[in-house]
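**Q** This is my_file-v4.cif (mmCIF, N, CA and C atoms).
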data_upload
loop_
_atom_site.label_atom_id
_atom_site.label_comp_id
_atom_site.auth_asym_id
_atom_site.auth_seq_id
_atom_site.Cartn_x
_atom_site.Cartn_y
_atom_site.Cartn_z
N ILE R 1 41.13 -31.44 18.36
CA ILE R 1 40.46 -30.70 17.30
C ILE R 1 39.79 -31.70 16.35
N ALA R 2 40.50 -32.79 16.03
CA ALA R 2 39.93 -33.79 15.12
C ALA R 2 38.68 -34.42 15.72
N THR R 3 38.69 -34.68 17.02
CA THR R 3 37.53 -35.26 17.68
C THR R 3 36.34 -34.31 17.64
N LEU R 4 36.56 -33.04 17.92
CA LEU R 4 35.48 -32.06 17.86
C LEU R 4 34.95 -31.92 16.44
N PHE R 5 35.85 -31.92 15.46
CA PHE R 5 35.44 -31.81 14.06
C PHE R 5 34.61 -33.04 13.66
N ALA R 6 35.08 -34.21 14.03
CA ALA R 6 34.36 -35.44 13.70
C ALA R 6 33.00 -35.48 14.38
N SER R 7 32.93 -34.97 15.60
CA SER R 7 31.65 -34.94 16.31
C SER R 7 30.65 -34.03 15.61
N SER R 8 31.09 -32.85 15.18
CA SER R 8 30.17 -31.94 14.52
C SER R 8 29.79 -32.45 13.14
N VAL R 9 30.72 -33.09 12.42
CA VAL R 9 30.40 -33.67 11.12
C VAL R 9 29.44 -34.84 11.30
N GLY R 10 29.69 -35.67 12.31
CA GLY R 10 28.80 -36.80 12.58
C GLY R 10 27.39 -36.36 12.89
N ARG R 11 27.26 -35.30 13.67
CA ARG R 11 25.94 -34.77 14.01
C ARG R 11 25.24 -34.26 12.75
N PHE R 12 25.99 -33.56 11.89
CA PHE R 12 25.42 -33.04 10.65
C PHE R 12 24.97 -34.18 9.75
N VAL R 13 25.78 -35.24 9.64
CA VAL R 13 25.44 -36.38 8.80
C VAL R 13 24.20 -37.09 9.34
N GLN R 14 24.08 -37.21 10.66
CA GLN R 14 22.88 -37.83 11.24
C GLN R 14 21.63 -37.02 10.93
N ILE R 15 21.73 -35.71 11.03
CA ILE R 15 20.58 -34.86 10.71
C ILE R 15 20.24 -34.97 9.23
N LEU R 16 21.25 -34.97 8.38
CA LEU R 16 21.03 -35.09 6.95
C LEU R 16 20.38 -36.42 6.59
N LEU R 17 20.86 -37.51 7.18
CA LEU R 17 20.26 -38.82 6.92
C LEU R 17 18.82 -38.89 7.43
N PHE R 18 18.56 -38.27 8.56
CA PHE R 18 17.19 -38.23 9.09
C PHE R 18 16.27 -37.49 8.10
N ILE R 19 16.73 -36.36 7.61
CA ILE R 19 15.92 -35.58 6.67
C ILE R 19 15.72 -36.35 5.37
N LEU R 20 16.77 -37.00 4.88
CA LEU R 20 16.66 -37.76 3.63
C LEU R 20 15.81 -39.02 3.79
N THR R 21 15.54 -39.43 5.01
CA THR R 21 14.65 -40.56 5.25
C THR R 21 13.21 -40.11 5.44
N ILE R 22 13.01 -39.07 6.23
CA ILE R 22 11.66 -38.65 6.59
C ILE R 22 10.94 -37.93 5.45
N ILE R 23 11.63 -37.04 4.75
CA ILE R 23 10.96 -36.26 3.69
C ILE R 23 10.38 -37.17 2.61
N PRO R 24 11.12 -38.16 2.09
CA PRO R 24 10.49 -39.05 1.09
C PRO R 24 9.30 -39.83 1.65
N LEU R 25 9.38 -40.27 2.91
CA LEU R 25 8.25 -41.00 3.49
C LEU R 25 6.99 -40.14 3.51
N PHE R 26 7.13 -38.90 3.97
CA PHE R 26 5.97 -38.03 4.03
C PHE R 26 5.52 -37.58 2.64
N ALA R 27 6.44 -37.35 1.72
CA ALA R 27 6.07 -36.94 0.36
C ALA R 27 5.31 -38.04 -0.35
N ILE R 28 5.80 -39.27 -0.25
CA ILE R 28 5.11 -40.40 -0.89
C ILE R 28 3.76 -40.63 -0.24
N SER R 29 3.69 -40.55 1.08
CA SER R 29 2.40 -40.72 1.77
C SER R 29 1.41 -39.65 1.34
N PHE R 30 1.86 -38.41 1.25
CA PHE R 30 0.98 -37.31 0.83
C PHE R 30 0.46 -37.55 -0.58
N LEU R 31 1.34 -37.94 -1.50
CA LEU R 31 0.91 -38.20 -2.87
C LEU R 31 -0.04 -39.38 -2.95
N CYS R 32 0.20 -40.40 -2.15
CA CYS R 32 -0.67 -41.58 -2.16
C CYS R 32 -2.05 -41.28 -1.58
N PHE R 33 -2.11 -40.40 -0.59
CA PHE R 33 -3.42 -40.08 0.00
C PHE R 33 -4.31 -39.31 -0.97
N LYS R 34 -3.74 -38.74 -2.04
CA LYS R 34 -4.56 -38.06 -3.05
C LYS R 34 -5.43 -39.04 -3.82
N THR R 35 -4.96 -40.27 -4.00
CA THR R 35 -5.73 -41.28 -4.74
C THR R 35 -6.13 -42.44 -3.82
N PHE R 36 -6.20 -42.19 -2.55
CA PHE R 36 -6.49 -43.22 -1.55
C PHE R 36 -7.90 -43.74 -1.72
N ASP R 37 -8.06 -45.06 -1.67
CA ASP R 37 -9.37 -45.70 -1.72
C ASP R 37 -9.37 -46.83 -0.69
N ILE R 38 -10.24 -46.74 0.28
CA ILE R 38 -10.30 -47.72 1.36
C ILE R 38 -10.63 -49.12 0.83
N ASN R 39 -11.29 -49.20 -0.33
CA ASN R 39 -11.63 -50.51 -0.90
C ASN R 39 -10.41 -51.29 -1.35
N ASN R 40 -9.28 -50.63 -1.53
CA ASN R 40 -8.06 -51.33 -1.91
C ASN R 40 -7.52 -52.22 -0.80
N PHE R 41 -7.99 -52.03 0.41
CA PHE R 41 -7.54 -52.85 1.53
C PHE R 41 -8.24 -54.20 1.60
N HIS R 42 -9.34 -54.35 0.90
CA HIS R 42 -10.15 -55.56 1.04
C HIS R 42 -9.37 -56.86 0.81
N PRO R 43 -8.61 -57.02 -0.27
CA PRO R 43 -7.92 -58.31 -0.40
C PRO R 43 -6.74 -58.47 0.57
N PHE R 44 -6.30 -57.40 1.19
CA PHE R 44 -5.13 -57.49 2.07
C PHE R 44 -5.51 -57.77 3.52
N ILE R 45 -6.71 -57.48 3.89
CA ILE R 45 -7.11 -57.65 5.28
C ILE R 45 -8.28 -58.64 5.37
N THR R 46 -8.24 -59.66 4.55
CA THR R 46 -9.34 -60.63 4.59
C THR R 46 -9.36 -61.41 5.89
N ASN R 47 -8.21 -61.60 6.53
CA ASN R 47 -8.15 -62.31 7.81
C ASN R 47 -7.98 -61.36 8.98
N GLY R 48 -8.34 -60.13 8.82
CA GLY R 48 -8.19 -59.14 9.87
C GLY R 48 -6.87 -58.40 9.74
N SER R 49 -6.60 -57.54 10.68
CA SER R 49 -5.40 -56.71 10.62
C SER R 49 -4.20 -57.38 11.27
N TYR R 50 -4.29 -58.64 11.61
CA TYR R 50 -3.19 -59.34 12.29
C TYR R 50 -1.91 -59.33 11.45
N GLY R 51 -2.01 -59.52 10.15
CA GLY R 51 -0.84 -59.56 9.29
C GLY R 51 -0.07 -58.26 9.29
N ILE R 52 -0.80 -57.15 9.26
CA ILE R 52 -0.15 -55.84 9.27
C ILE R 52 0.49 -55.58 10.62
N ILE R 53 -0.23 -55.85 11.70
CA ILE R 53 0.29 -55.60 13.04
C ILE R 53 1.50 -56.51 13.34
N SER R 54 1.48 -57.74 12.85
CA SER R 54 2.59 -58.65 13.12
C SER R 54 3.86 -58.24 12.37
N ALA R 55 3.74 -57.44 11.32
CA ALA R 55 4.92 -56.99 10.57
C ALA R 55 5.55 -55.73 11.16
N VAL R 56 4.87 -55.08 12.09
CA VAL R 56 5.38 -53.83 12.66
C VAL R 56 6.76 -53.99 13.30
N PRO R 57 7.03 -55.03 14.10
CA PRO R 57 8.39 -55.13 14.67
C PRO R 57 9.48 -55.23 13.61
N VAL R 58 9.19 -55.88 12.51
CA VAL R 58 10.18 -55.99 11.43
C VAL R 58 10.40 -54.63 10.80
N VAL R 59 9.34 -53.89 10.59
CA VAL R 59 9.42 -52.58 9.95
C VAL R 59 10.13 -51.58 10.85
N LEU R 60 9.96 -51.69 12.15
CA LEU R 60 10.61 -50.76 13.07
C LEU R 60 12.11 -50.75 12.90
N PHE R 61 12.69 -51.90 12.64
CA PHE R 61 14.14 -51.96 12.49
C PHE R 61 14.60 -51.43 11.15
N SER R 62 13.67 -51.12 10.26
CA SER R 62 14.03 -50.44 9.02
C SER R 62 14.41 -49.00 9.29
N PHE R 63 13.86 -48.45 10.35
CA PHE R 63 14.17 -47.07 10.71
C PHE R 63 15.31 -47.11 11.72
N LEU R 64 16.52 -47.29 11.19
CA LEU R 64 17.69 -47.43 12.05
C LEU R 64 18.03 -46.11 12.73
N GLY R 65 18.56 -46.20 13.90
CA GLY R 65 18.99 -45.00 14.60
C GLY R 65 18.47 -44.89 16.01
N PHE R 66 17.32 -45.51 16.30
CA PHE R 66 16.80 -45.35 17.65
C PHE R 66 17.66 -46.05 18.68
N GLU R 67 18.48 -47.01 18.24
CA GLU R 67 19.37 -47.69 19.18
C GLU R 67 20.52 -46.79 19.62
N ALA R 68 20.74 -45.68 18.90
CA ALA R 68 21.82 -44.74 19.26
C ALA R 68 21.46 -43.89 20.48
N ILE R 69 20.22 -43.94 20.90
CA ILE R 69 19.79 -43.14 22.05
C ILE R 69 20.57 -43.53 23.30
N SER R 70 20.83 -44.81 23.47
CA SER R 70 21.52 -45.26 24.69
C SER R 70 22.95 -44.75 24.77
N SER R 71 23.56 -44.38 23.66
CA SER R 71 24.93 -43.87 23.69
C SER R 71 24.99 -42.40 24.11
N MET R 72 23.86 -41.79 24.33
CA MET R 72 23.83 -40.38 24.69
C MET R 72 23.76 -40.16 26.20
N GLY R 73 24.05 -41.18 26.96
CA GLY R 73 23.91 -41.13 28.42
C GLY R 73 24.65 -39.99 29.08
N ARG R 74 25.83 -39.65 28.58
CA ARG R 74 26.61 -38.58 29.21
C ARG R 74 26.12 -37.20 28.82
N LYS R 75 25.39 -37.09 27.72
CA LYS R 75 24.98 -35.78 27.22
C LYS R 75 23.56 -35.40 27.64
N VAL R 76 22.81 -36.34 28.17
CA VAL R 76 21.41 -36.12 28.49
C VAL R 76 21.27 -35.85 29.98
N SER R 77 20.42 -34.88 30.30
CA SER R 77 20.15 -34.64 31.71
C SER R 77 19.21 -35.74 32.22
N ASN R 78 19.49 -36.25 33.41
CA ASN R 78 18.72 -37.32 34.04
C ASN R 78 18.55 -38.52 33.09
N PRO R 79 19.67 -39.16 32.70
CA PRO R 79 19.60 -40.23 31.71
C PRO R 79 18.79 -41.45 32.15
N THR R 80 18.73 -41.74 33.43
CA THR R 80 17.98 -42.92 33.87
C THR R 80 16.48 -42.76 33.61
N LYS R 81 16.02 -41.54 33.57
CA LYS R 81 14.60 -41.28 33.29
C LYS R 81 14.38 -40.98 31.81
N ASN R 82 15.22 -40.16 31.20
CA ASN R 82 14.97 -39.66 29.86
C ASN R 82 15.31 -40.64 28.74
N ILE R 83 16.31 -41.49 28.93
CA ILE R 83 16.68 -42.42 27.86
C ILE R 83 15.59 -43.47 27.61
N PRO R 84 15.01 -44.11 28.63
CA PRO R 84 13.91 -45.04 28.35
C PRO R 84 12.70 -44.36 27.72
N ILE R 85 12.39 -43.15 28.17
CA ILE R 85 11.26 -42.42 27.59
C ILE R 85 11.54 -42.10 26.13
N ALA R 86 12.75 -41.63 25.82
CA ALA R 86 13.11 -41.31 24.44
C ALA R 86 13.08 -42.54 23.56
N THR R 87 13.56 -43.66 24.07
CA THR R 87 13.55 -44.90 23.29
C THR R 87 12.13 -45.33 22.96
N LEU R 88 11.25 -45.31 23.93
CA LEU R 88 9.86 -45.69 23.69
C LEU R 88 9.16 -44.73 22.73
N LEU R 89 9.43 -43.43 22.88
CA LEU R 89 8.81 -42.45 21.99
C LEU R 89 9.28 -42.61 20.54
N VAL R 90 10.56 -42.86 20.36
CA VAL R 90 11.09 -43.04 19.00
C VAL R 90 10.51 -44.29 18.36
N ILE R 91 10.40 -45.36 19.11
CA ILE R 91 9.81 -46.59 18.58
C ILE R 91 8.34 -46.35 18.22
N LEU R 92 7.60 -45.68 19.07
CA LEU R 92 6.19 -45.40 18.81
C LEU R 92 6.03 -44.49 17.59
N ILE R 93 6.81 -43.43 17.52
CA ILE R 93 6.71 -42.50 16.38
C ILE R 93 7.11 -43.21 15.09
N SER R 94 8.16 -44.03 15.13
CA SER R 94 8.58 -44.78 13.94
C SER R 94 7.47 -45.72 13.48
N ALA R 95 6.84 -46.40 14.41
CA ALA R 95 5.75 -47.32 14.05
C ALA R 95 4.60 -46.56 13.40
N ILE R 96 4.24 -45.42 13.94
CA ILE R 96 3.15 -44.63 13.38
C ILE R 96 3.49 -44.14 11.98
N VAL R 97 4.72 -43.66 11.80
CA VAL R 97 5.14 -43.16 10.48
C VAL R 97 5.10 -44.29 9.45
N TYR R 98 5.62 -45.46 9.80
CA TYR R 98 5.64 -46.55 8.85
C TYR R 98 4.26 -47.13 8.59
N ILE R 99 3.39 -47.16 9.57
CA ILE R 99 2.02 -47.64 9.34
C ILE R 99 1.29 -46.70 8.40
N ILE R 100 1.46 -45.40 8.60
CA ILE R 100 0.85 -44.42 7.70
C ILE R 100 1.43 -44.56 6.29
N PHE R 101 2.74 -44.75 6.20
CA PHE R 101 3.40 -44.88 4.90
C PHE R 101 2.89 -46.10 4.14
N VAL R 102 2.92 -47.25 4.77
CA VAL R 102 2.49 -48.48 4.10
C VAL R 102 0.99 -48.44 3.81
N GLY R 103 0.21 -47.95 4.75
CA GLY R 103 -1.23 -47.84 4.54
C GLY R 103 -1.58 -46.93 3.39
N SER R 104 -0.86 -45.82 3.25
CA SER R 104 -1.15 -44.90 2.14
C SER R 104 -0.80 -45.52 0.80
N ILE R 105 0.28 -46.31 0.76
CA ILE R 105 0.66 -46.95 -0.50
C ILE R 105 -0.36 -48.03 -0.89
N ILE R 106 -0.74 -48.86 0.06
CA ILE R 106 -1.73 -49.90 -0.24
C ILE R 106 -3.06 -49.29 -0.64
N GLY R 107 -3.44 -48.21 0.03
CA GLY R 107 -4.70 -47.56 -0.29
C GLY R 107 -4.69 -46.83 -1.62
N ALA R 108 -3.53 -46.48 -2.12
CA ALA R 108 -3.45 -45.70 -3.36
C ALA R 108 -3.31 -46.56 -4.60
N ILE R 109 -2.78 -47.76 -4.45
CA ILE R 109 -2.54 -48.61 -5.63
C ILE R 109 -3.81 -49.39 -5.95
N ASN R 110 -4.15 -49.40 -7.21
CA ASN R 110 -5.34 -50.09 -7.67
C ASN R 110 -5.21 -51.59 -7.33
N LYS R 111 -6.21 -52.12 -6.65
CA LYS R 111 -6.12 -53.51 -6.20
C LYS R 111 -6.13 -54.49 -7.37
N ASP R 112 -6.76 -54.14 -8.48
CA ASP R 112 -6.75 -55.04 -9.64
C ASP R 112 -5.34 -55.17 -10.21
N LEU R 113 -4.60 -54.09 -10.21
CA LEU R 113 -3.21 -54.12 -10.67
C LEU R 113 -2.36 -55.00 -9.76
N LEU R 114 -2.53 -54.85 -8.46
CA LEU R 114 -1.76 -55.66 -7.52
C LEU R 114 -2.14 -57.14 -7.62
N LEU R 115 -3.41 -57.43 -7.71
CA LEU R 115 -3.83 -58.83 -7.79
C LEU R 115 -3.35 -59.48 -9.07
N THR R 116 -3.30 -58.73 -10.17
CA THR R 116 -2.79 -59.26 -11.44
C THR R 116 -1.32 -59.61 -11.30
N LYS R 117 -0.54 -58.70 -10.69
CA LYS R 117 0.90 -58.95 -10.51
C LYS R 117 1.16 -60.11 -9.55
N ILE R 118 0.37 -60.21 -8.50
CA ILE R 118 0.54 -61.29 -7.53
C ILE R 118 0.22 -62.63 -8.17
N ASN R 119 -0.84 -62.68 -8.96
CA ASN R 119 -1.23 -63.95 -9.60
C ASN R 119 -0.21 -64.38 -10.65
N GLN R 120 0.51 -63.44 -11.24
CA GLN R 120 1.54 -63.78 -12.22
C GLN R 120 2.77 -64.40 -11.58
N LEU R 121 2.99 -64.09 -10.30
CA LEU R 121 4.14 -64.66 -9.60
C LEU R 121 3.87 -66.10 -9.30
#
Can I see the file as structure tokens?

**A**
Amino acid sequence: IATLFASSVGRFVQILLFILTIIPLFAISFLCFKTFDINNFHPFITNGSYGIISAVPVVLFSFLGFEAISSMGRKVSNPTKNIPIATLLVILISAIVYIIFVGSIIGAINKDLLLTKINQL
């Protein structure tokens, strides 16, 4: 009984943590796109988009949880096919969500404000 209870509580906590992670990301992105200005990217992409793309692997690990897919082998139908597909899809979706999130923040913040703060450091 304790194992079944812990399993259902664990599932609920995972869903709750997922919701508490995703909703703020989308809410902040939505609010930032209201004041989005593509010109704010100019000082950040002076050497091309390599800097942003090279940071994606680091950002992916900020969205913890996709590594738990492999522990679902007994519960998934056809795990040899579905687990690799699920892992790749979660990594791809996480990358897209974080690129949109970071891009919306950079596009929404006034570049003069950012450059002033950076120069003060």

**Q** What is the atom CA of R:Ile23-atom CA of R:Ile93 distance in Å, reported with one decimal?

**A**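 Atom-to-atom, atom CA of R:Ile23 to atom CA of R:Ile93, that is 14.8 Å.
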
**Q** Determine the nearest neighbour of R:Asn110 from the options R:Leu25, R:Phe33, R:Asn40, R:Leu17, counting all atoms listed in the file.

**A**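 The answer is R:Asn40, which sits nearest to R:Asn110.
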
**Q** As an exercise, work out the distance from atom C of R:Val13 to atom CA of R:Ile96 in Å and give it to one decimal place.

**A**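 Separation of atom C of R:Val13 and atom CA of R:Ile96: 22.7 Å.
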
**Q** Could you name the residues that touch R:Ile105 at 7 Å or less, counting all atoms listed in the file, but leaving out those on the same chain fewer than 6 positions away, as JSON, numbers by chain?

**A** {"R": [28, 29, 32, 33]}

**Q** Using the chain letters and numbering of this document, enumerate as a list in words the residues selected by the PyMOL selection byres (((chain R and resi 107 and name CA) around 7) and name CA).

**A**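 Evaluating the PyMOL selection byres (((chain R and resi 107 and name CA) around 7) and name CA) on this file yields Phe36, Asp37, Ile38, Asn40, Phe41, Gly103, Ser104, Ile105, Ile106, Ala108 and Ile109 of chain R.
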
**Q** Give the answer as one residue: which of R:Pro84, R:Lys75, R:Ser94, R:Arg11 has the shortest atom-to-atom distance to R:Val58, using only C-alpha atoms?

**A**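 Closest to R:Val58 of all the choices is R:Ser94.
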
**Q** Can you measure atom CA of R:Ile22 to atom CA of R:Ser54 for me? One decimal in Å is fine.

**A**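 These two atoms are separated by 22.9 Å.
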
**Q** So, counting all atoms listed in the file, which residue among R:Ile85, R:Phe30, R:Phe18, R:Asp112 is closest to R:Ile100?

**A**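 Among R:Ile85, R:Phe30, R:Phe18, R:Asp112, it is R:Phe30 that comes nearest to R:Ile100.
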
**Q** Give, as AutoDock Vina command-line options, the centre coordinates and the x, y and z edge lengths in Å to one decimal for an axis-aligned box around all listed atoms of stretch 9-22 of chain R, padded by 5 Å on each side.

**A**
--center_x 20.8 --center_y -36.8 --center_z 8.8 --size_x 29.8 --size_y 17.5 --size_z 20.4
